[in-house]
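All remarks here apply to the structure that follows.
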Amino acid sequence: MEAPELLALYEQMVVVRRTEKAAHDLFLQGLVKGTTHLAAGHEAIAVGASAALRPDDYVFATYRGHHHAMARGATPEECLAELMSRATGLCGAKGGSMHLTKAATGMLGSYAIVGAHLPMAAGAAWSARLRGTDQIAVAFFGDGATNIGAFHEALNLAAVWKLPVLFVCENNLYMEYTPIADVTAVARPAADRAPAYNIPGESVDGNDVVAVRDAVAALARRARAGDGPALLEAATYRHFGHSRSDPATYRPAEEVERWLKHDPLDIARGRLTELGVPEDAVTAADERALDVVQKAVEAARNAPAPDPDAALTDVWADGGGAWRT
Amino acid sequence: MEAPELLALYEQMVVVRRTEKAAHDLFLQGLVKGTTHLAAGHEAIAVGASAALRPDDYVFATYRGHHHAMARGATPEECLAELMSRATGLCGAKGGSMHLTKAATGMLGSYAIVGAHLPMAAGAAWSARLRGTDQIAVAFFGDGATNIGAFHEALNLAAVWKLPVLFVCENNLYMEYTPIADVTAVARPAADRAPAYNIPGESVDGNDVVAVRDAVAALARRARAGDGPALLEAATYRHFGHSRSDPATYRPAEEVERWLKHDPLDIARGRLTELGVPEDAVTAADERALDVVQKAVEAARNAPAPDPDAALTDVWADGGGAWRT
Amino acid sequence: MADVISYREAVAEGIAREMRRDAAVVCLGEDIGAAGGVFKTTAGLFEEFGPRRVWDTPISEQAIVGAAMGAAMTGMRPVAEIMFSDFLACCWDYLANEIPKVRYMTGGQVTVPLVVRTANGGGLGFGAQHSQATENWALTVPGLKIAAPATPADVIGMMAAAIRSDDPVVFFEHKGLLASKGPPPPPDHVVELGRAAVVREGADVTLVALAAMVPVALRAAARLAEDGIEAEVVDLRCLVPLDMSTVLASLARTSRLVTVEENPYQGGWGATVVSVVADEGFGLLDAPVRRVAGECVPLPFADALEERVIPTVDKVVTTVRDLTAY
Amino acid sequence: MADVISYREAVAEGIAREMRRDAAVVCLGEDIGAAGGVFKTTAGLFEEFGPRRVWDTPISEQAIVGAAMGAAMTGMRPVAEIMFSDFLACCWDYLANEIPKVRYMTGGQVTVPLVVRTANGGGLGFGAQHSQATENWALTVPGLKIAAPATPADVIGMMAAAIRSDDPVVFFEHKGLLASKGPPPPPDHVVELGRAAVVREGADVTLVALAAMVPVALRAAARLAEDGIEAEVVDLRCLVPLDMSTVLASLARTSRLVTVEENPYQGGWGATVVSVVADEGFGLLDAPVRRVAGECVPLPFADALEERVIPTVDKVVTTVRDLTAY
Ligand SMILES: Cc1ncc(C[n+]2csc(CCOP(=O)(O)OP(=O)(O)O)c2C)c(N)n1
Ligand SMILES: Cc1ncc(C[n+]2csc(CCOP(=O)(O)OP(=O)(O)O)c2C)c(N)n1
Ligand SMILES: [Mg+2]
Ligand SMILES: [Mg+2]
């Protein structure tokens with residue numbers, strides 16, 4: 001990857017990291033309600049994968065989806081406004097942290113029932129084929145999702161119909177609090193299942209944005225060419241607990257430490273240095289990111305609350321919500 | 001296998017075949033309502049597997065389950081009475097062809113939602129472990145069931161918990177009318193999925209009762225010893241259509257012919273001859289089977305209809321059916 | 001077109017009409033292609049439209065409905081078949097949590113124009129797992145439209161409306177009606193969702209019915225007329241949108257209400273109808289409201305038992321007689 | 001034991017009491033072991049009973065509930081946790097088609113003594129897929145008992161009854177009540193399933209509520225009392241068995257009925273209650289029956305929006321005032 005592109009990806013990752021930090025702080029200030037599942041540590045997967053996709057491709061993500069929403073065109077302001085229950089939020093404050101969606105840029109949603117979006121992604125890929133486009137669809141999901149039935153059904157269907165869809169597992173070693181190894185029959189929960197669907201199953205360092213970009217690009221090319229779906233397992237780690245209420249004490253200190261040293265931002269910075277990008281260019285990117293996020297926080301803070309009656313709209317395509325005539 | 005045991009298994013298979021033939025005829029006479037899914041052609045799987053099990057083991061089967069019910073202790077009379085809506089039926093005429101169950105002999109039910117009983121079998125195996133017995137559980141299912149989510153969840157759970165459960169696939173090449181190969185990503189729908197759960201996945205000629213008995217016996221020994229679950233894929237073919245309304249015209253004539261020549265009864269007869277069992281011993285077994293089934297038909301015909309008010313009982317463990325107090 | 005068309009044929013005809021007018025309409029489901037479906041309700045579609053528009057699937061209800069959802073969100077109008085309505089339980093997450101909510105939870109960013117068709121109801125001796133009337137399951141979920149036609153003409157007209165709808169529709173085809181026949185509707189026949197039909201007029205009592213219970217109510221009405229009791233029969237056609245205006249208008253004429261439902265009494269759709277009536281139509285009522293509904297037990301196999309559980313003409317007649325004596 | 005116990009603690013305590021008395025009781029679910037559950041409702045069980053009685057599972061709702069069923073059929077009394085009640089949709093086949101039917105369809109050959117516990121309800125800003133009150137889903141299925149306690153003492157007493165029951169019980173623990181506190185019940189406290197409680201007496205109107213709506217109804221009753229309107233509040237506790245005797249007896253005293261339900265109006269449990277009343281209690285009614293229920297939309301994320309959807313004290317007060325003016 002050339003330096004300018006990598007610098008841009010780095011900056012995107014910093015924006016995600018900063019936005020999540022802001023979300024965390026706003027939570028503590030009581031300005032974000034409900035729950036959040038921070039993706040800090042997972043940034044390289046979203047940013048690297050997005051870099052390999054076309055603007056008209058489709059992305060489906062999970063409740064841990066801030067990084068995907070932003071990598072896929074949602075602004076920090078839209079995201080934070082959503083988390084802060086503002087009318088200007090990405091989903092008009094109807095979705096919340098777990099459902100960030102920006103359909104206009106192909107980010108077709110964050111889903112909070114584990115695994116449920118995998119068949120949807122297969123369906124979007126099927127649709128692309130039916131409409132004769134060469135779009136592809138990508139579903140991101142966690143290691144825990146590999147043990148639910150929808151995973152199996154989606155992969156088999158995608159394989160049988162040779163659909164242009166990629167299944168990208170963000171393996172962060174844990175479901176909520178339980179180590180994935182304790183509840184999974186194979187060592188690599190996603191990649192080791194690929195032979196059951198007769199599709200490629202690859203592994204990648206999910207914290208290396210360049211490696212992710214390259215892996216996704218190769219599989220995307222294949223899918224776009226009509227060679228069918230693939231599974232990609234990206235190894236990563238979350239910097240925080242599962243959700244805001246989780247201090248993550250179940251993780252061995254040594255393991256946490258090791259992974260914190262394998263931070264996607266550090267890895268990207270290292271690569272930038274190798275490519276000869278001067279320190280101050282990186283610092284400038286950091287500052288731009290910080291600035292964007294600070295402005296986003298301010299804008300979201302000042303945005304209006306939703307009209308309570310908006311709760312009764314948007315059920316139906318005509319905008320209404322009546323169930324009787 | 002010694003001749004006397006094989007002759008007994010042969011006779012059991014003939015009883016099943018004859019009972020199903022009777023069910024078929026009674027259907028045409030309007031004496032069996034609803035639908036039936038005949039297992040003619042699959043007999044060796046049920047009879048062979050049962051021969052390898054202990055009386056206290058658990059069996060879970062599907063809507064195509066006449067053979068399992070009978071192999072596992074249900075009499076032709078109980079089965080036919082059930083099909084003919086008699087009060088004396090196995091389930092008091094509440095179940096019907098799709099739900100033959102004889103709990104007293106460990107035949108814990110025939111389930112009509114594809115794949116749903118696989119987790120149940122895992123649960124029965126778990127229960128055996130919890131109670132400190134060395135019972136095992138066996139789930140029989142079709143090739144089509146390998147593509148449904150419950151299959152995946154059951155296998156992973158069974159593998160992770162190392163449960164004493166066997167998953168036996170009766171691969172008859174078709175789901176209802178669709179060839180399994182058209183909708184499955186791998187060649188052997190069950191066995192090729194075993195590596196995804198890190199368990200043994202074996203194939204066997206499902207029409208050879210001895211081969212089935214041996215394969216199940218080996219895997220049962222393993223399971224009972226605490227070495228965990230296994231998948232066994234038994235190749236077979238149904239002699240009739242999927243259910244009574246299906247003439248099965250979608251199957252190539254050549255294929256049908258080939259498989260009808262590979263009839264489990266013929267194969268067993270051939271083995272009996274090889275073992276030196278005289279022709280008339282085999283004929284005597286045929287006649288005994290025919291006699292049992294003819295008597296069963298008569299008895300079922302003459303049995304009383306259920307009391308309509310019985311429809312309102314057996315919802316709750318106390319025998320009642322009231323939902324209000 | 002012939003003089004009469006069966007309900008079964010009407011399903012395929014209804015879908016075919018929409019497939020002809022809109023290339024975005026595609027079908028998927030188990031054995032729906034060359035086999036024409038287990039109930040032959042998709043017969044001819046594969047022949048006319050080919051494998052690029054009529055897709056056989058594995059036995060993967062979640063993948064079927066989930067893929068339909070993904071396709072609907074991206075420009076297609078999928079018509080997914082779930083063979084028996086009991087099996088909706090196998091993909092209930094999609095019906096309950098995904099399809100009806102995605103538009104709302106994204107603040108209206110996406111639409112999900114899909115139809116989930118399914119064979120519903122009992123009376124055929126298919127036992128506990130293949131006989132349920134599950135339209136009330138769908139009623140528990142805001143965000144689904146629910147259609148359940150009673151005649152071949154309505155099948156075609158409501159199928160048109162369902163497939164053209166930009167909202168998700170669960171379309172219940174009643175197994176007990178598949179063989180029934182009726183006049184075929186004219187080309188481009190569309191029955192707007194959410195319009196009940198008064199299928200028999202009468203001044204003494206209103207019977208509100210759906211799908212296979214419509215002919216049961218009509219036969220009961222004919223029997224009651226012999227006693228001089230004139231029953232008005234309302235075919236609800238849809239549960240959502242629920243046409244309470246037509247029910248309340250009928251009640252204003254009759255002052256008495258009986259629902260005729262195949263689903264169990266507990267949690268049945270008639271309860272929702274009755275609760276609207278007990279509120280908004282309270283002043284119209286001259287007598288208690290009765291519900292002839294399925295007994296609160298699973299469906300048994302034997303005919304004699306199944307008849308004890310599902311509403312019959314006799315039960316409706318007895319209930320109405322009793323009520324008009326109030 | 002302390003003077004007060006929280007609803008959250010009561011869940012674990014209720015299970016622990018039964019695990020102590022019966023070795024057949026085992027627990028399974030996601031993160032319920034060393035982690036004590038996502039809601040800490042199984043805290044301490046793993047420590048007391050160890051890994052042979054408290055089992056962490058993969059994210060496999062079908063396997064969890066299906067395995068519980070198989071174990072229940074073979075001598076165990078499993079208590080399965082489905083983390084959020086929305087996720088019941090992921091194993092709905094087991095709740096709708098398998099567990100409640102297997103006894104019936106085998107002619108009574110087997111029993112299924114299991115409990116499926118789940119965190120239910122909204123008001124916490126968890127959005128459309130983690131906030132539903134889904135007790136009405138279970139009501140559509142004959143063969144399930146349905147418990148939904150409102151107080152810590154009832155949690156313990158009803159948990160005892162549920163685990164000892166030879167019938168399958170779906171046990172709804174309300175997320176909004178987890179932090180609430182109350183007096184701990186004495187040892188061996190058992191609250192029979194199917195007995196509603198009159199938790200406040202009053203002569204003017206009967207409010208029928210469940211789970212988190214019980215405190216809402218009680219607060220509304222307190223407000224109404226300031227206006228001189230005396231509301232009687234019935235805590236249903238269970239939907240099946242449904243204690244209509246207590247409701248009808250209360251109605252005989254008050255002549256007016258309002259249900260207070262968190263589930264949506266369409267297909268909500270209140271409709272079933274109302275339909276029994278509109279039949280058997282018609283002569284007792286002096287006024288229309290009203291239902292304060294969830295709006296028929298998915299649950300939105302923002303507080304301001306969620307309050308618009310879920311019943312509040314204000315809505316109950318307004319409805320009752322309006323009704324008593326009838
Ligand atoms: C069907 C379902 N079951 C359980 C949950 C609760 N839950 C939310 S996230 C989660 C863990 C998911 O783990 P993983 O797939 O590894 O993703 P991660 O959170 O680690 O990114 C669980 C169990 C859910 N949302 N959906
Ligand atoms: C979940 C579910 N989907 C669909 C059906 C309808 N159905 C009944 S049998 C069957 C085919 C099953 O094929 P297979 O598993 O190969 O078993 P076989 O009938 O060949 O023995 C189907 C689709 C069902 N009963 N359950
Ligand atoms: Mg994880
Ligand atoms: Mg098959």
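Naming works like this for the structure tokens: A, B, ... for the chains as they're shown, residue 1 at the start of each chain, ligands 1 onward in shown order.
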Protein and nucleic acid residues within 8 Å of ligand 4 (only C-alpha atoms and all ligand atoms) as number ranges by chain: B: 142-145, 170-176, 180
Same residues, N, CA, C and O atoms, output as a compact mmCIF listing (two decimals), in the first residue's frame:
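Dumped to out_35.txt:
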# COMPACT_ATOMS: atom_id res chain seq x y z
N GLY B 142 -32.69 -36.97 8.11
CA GLY B 142 -32.45 -37.07 6.67
C GLY B 142 -31.31 -36.20 6.20
O GLY B 142 -30.81 -35.33 6.93
N ASP B 143 -30.92 -36.42 4.95
CA ASP B 143 -29.89 -35.59 4.33
C ASP B 143 -30.31 -34.11 4.34
O ASP B 143 -29.50 -33.21 4.55
N GLY B 144 -31.59 -33.88 4.12
CA GLY B 144 -32.06 -32.49 4.05
C GLY B 144 -31.88 -31.74 5.36
O GLY B 144 -31.74 -30.52 5.37
N ALA B 145 -31.90 -32.49 6.46
CA ALA B 145 -31.79 -31.86 7.77
C ALA B 145 -30.40 -31.30 8.03
O ALA B 145 -30.21 -30.54 8.98
N GLU B 170 -29.79 -40.49 7.44
CA GLU B 170 -30.30 -41.42 6.42
C GLU B 170 -30.29 -40.66 5.10
O GLU B 170 -31.24 -39.94 4.79
N ASN B 171 -29.21 -40.79 4.39
CA ASN B 171 -29.09 -40.03 3.14
C ASN B 171 -29.75 -40.80 2.00
O ASN B 171 -29.17 -41.73 1.45
N ASN B 172 -30.95 -40.36 1.66
CA ASN B 172 -31.68 -41.01 0.56
C ASN B 172 -31.67 -40.14 -0.69
O ASN B 172 -32.54 -40.26 -1.56
N LEU B 173 -30.73 -39.24 -0.75
CA LEU B 173 -30.44 -38.42 -1.95
C LEU B 173 -31.42 -37.29 -2.22
O LEU B 173 -31.15 -36.42 -3.06
N TYR B 174 -32.52 -37.27 -1.53
CA TYR B 174 -33.52 -36.23 -1.79
C TYR B 174 -34.05 -35.65 -0.49
O TYR B 174 -34.18 -36.35 0.50
N MET B 175 -34.39 -34.37 -0.53
CA MET B 175 -35.20 -33.84 0.54
C MET B 175 -36.64 -34.22 0.18
O MET B 175 -36.94 -35.41 0.17
N GLU B 176 -37.56 -33.30 -0.11
CA GLU B 176 -38.85 -33.85 -0.53
C GLU B 176 -38.73 -34.26 -1.99
O GLU B 176 -38.64 -35.43 -2.32
N ILE B 180 -30.65 -33.65 -2.97
CA ILE B 180 -29.88 -33.00 -1.91
C ILE B 180 -28.64 -32.33 -2.49
O ILE B 180 -28.19 -31.29 -1.99
Do you know which residues are at most 12 Å from D:Ile82 counting only C-alpha atoms, after dropping those on the same chain fewer than 4 positions away, and could you put them as a ChimeraX atom specification? /D:27-32,37-39,41,56-66,68,86-92,95,115-120,130,170-173
Provide the atom CA of B:Arg258 to atom CA of B:Ala187 distance in Å, to one decimal place.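 So the two atoms, atom CA of B:Arg258 and atom CA of B:Ala187, lie 19.8 Å apart.
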D:Leu45 environment, 7 Å, only C-alpha atoms, sequence neighbours closer than 3 positions dropped, as an MDAnalysis selection string: chainID D and resid 12 16 42 48:49 54
Which chain A residues have any atom within 7 Å of an atom of chain D, and for each, what is the nearest pair of atoms with distance in Å to one decimal, counting only C-alpha atoms, rows sorted by chain and number, as a Markdown table?
| residue | atom | partner | partner_atom | distance |
| --- | --- | --- | --- | --- |
| A:Lys33 | CA | D:Gly125 | CA | 6.1 |
| A:Gly34 | CA | D:Gly125 | CA | 4.3 |
| A:Thr35 | CA | D:Phe126 | CA | 6.6 |
| A:Ser85 | CA | D:Ala302 | CA | 5.0 |
| A:Ala93 | CA | D:Ala302 | CA | 5.5 |
| A:Lys94 | CA | D:Pro300 | CA | 4.5 |
| A:Gly95 | CA | D:Phe301 | CA | 5.4 |
| A:Gly96 | CA | D:Phe301 | CA | 5.3 |
| A:Ala112 | CA | D:Gln129 | CA | 6.4 |
| A:Gly144 | CA | D:Ile59 | CA | 6.2 |
| A:Ala145 | CA | D:Ile59 | CA | 6.7 |
| A:Asn147 | CA | D:Ile59 | CA | 5.9 |
| A:Ile148 | CA | D:Ser60 | CA | 4.8 |
| A:Tyr177 | CA | D:Asp31 | CA | 6.1 |
| A:Thr178 | CA | D:Asp31 | CA | 6.0 |
| A:Val183 | CA | D:Pro58 | CA | 4.9 |
| A:Pro308 | CA | D:Leu305 | CA | 4.9 |
| A:Ala311 | CA | D:Leu305 | CA | 5.1 |
| A:Leu312 | CA | D:Val297 | CA | 6.6 |
| A:Val315 | CA | D:Val297 | CA | 6.5 |
| A:Gly321 | CA | D:Val297 | CA | 6.8 |
| A:Trp323 | CA | D:Cys296 | CA | 6.9 |
For a quick test of understanding: name the residues of chain B lying within 10 Å of chain A when counting only C-alpha atoms, and present them as number ranges by chain. B: 146-162, 181-199
What lies within 6 Å of B:Met120 using only C-alpha atoms, ignoring chain neighbours under 5 positions off, as JSON, numbers by chain? {"D": [66, 67, 69, 70]}
Given a cut-off of 7 Å, which residues of chain C touch chain D, counting only C-alpha atoms, written out as number ranges by chain? C: 89-90, 92-93, 96-97, 101, 104-105, 128-129, 136-137, 139-140, 142-143, 266-269, 271-272, 274-275, 278-279, 282, 288-290, 296-298, 300
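In this structure, atom CA of C:Arg200 sits 9.3 Å away from atom CA of C:Glu230.
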Enter the distance from atom CA of A:His68 to atom CA of A:Met107, in Å, rounded to one decimal. 7.8 Å
Test item: residues at most 6 Å from stretch 9-20 of chain A, only C-alpha atoms, excluding those fewer than 4 positions along its chain, as a list of chain:residue names: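 With the cut-off at 6 Å, the set is A:Ala40, A:Glu43, A:His67, A:Ala285, A:Ala289, A:Val293.
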Could you check the closest approach to ligand 1 for each of D:Ile310, D:Glu226, D:Ser85, D:Asp188 and tell me which residue wins, using only C-alpha atoms and all ligand atoms?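 Of the candidates, the smallest distance to ligand 1 is held by D:Ser85.
Residue nearest ligand 2 within the list C:Glu81, C:Ala209, C:Val316, C:Val112: C:Glu81 [criterion: smallest interatomic distance, only C-alpha atoms and all ligand atoms].
Distances here use only C-alpha atoms; by that measure, the residue among D:Pro184, D:Gly176, D:Pro168, D:Gly75 closest to D:Ser6 is D:Pro184.
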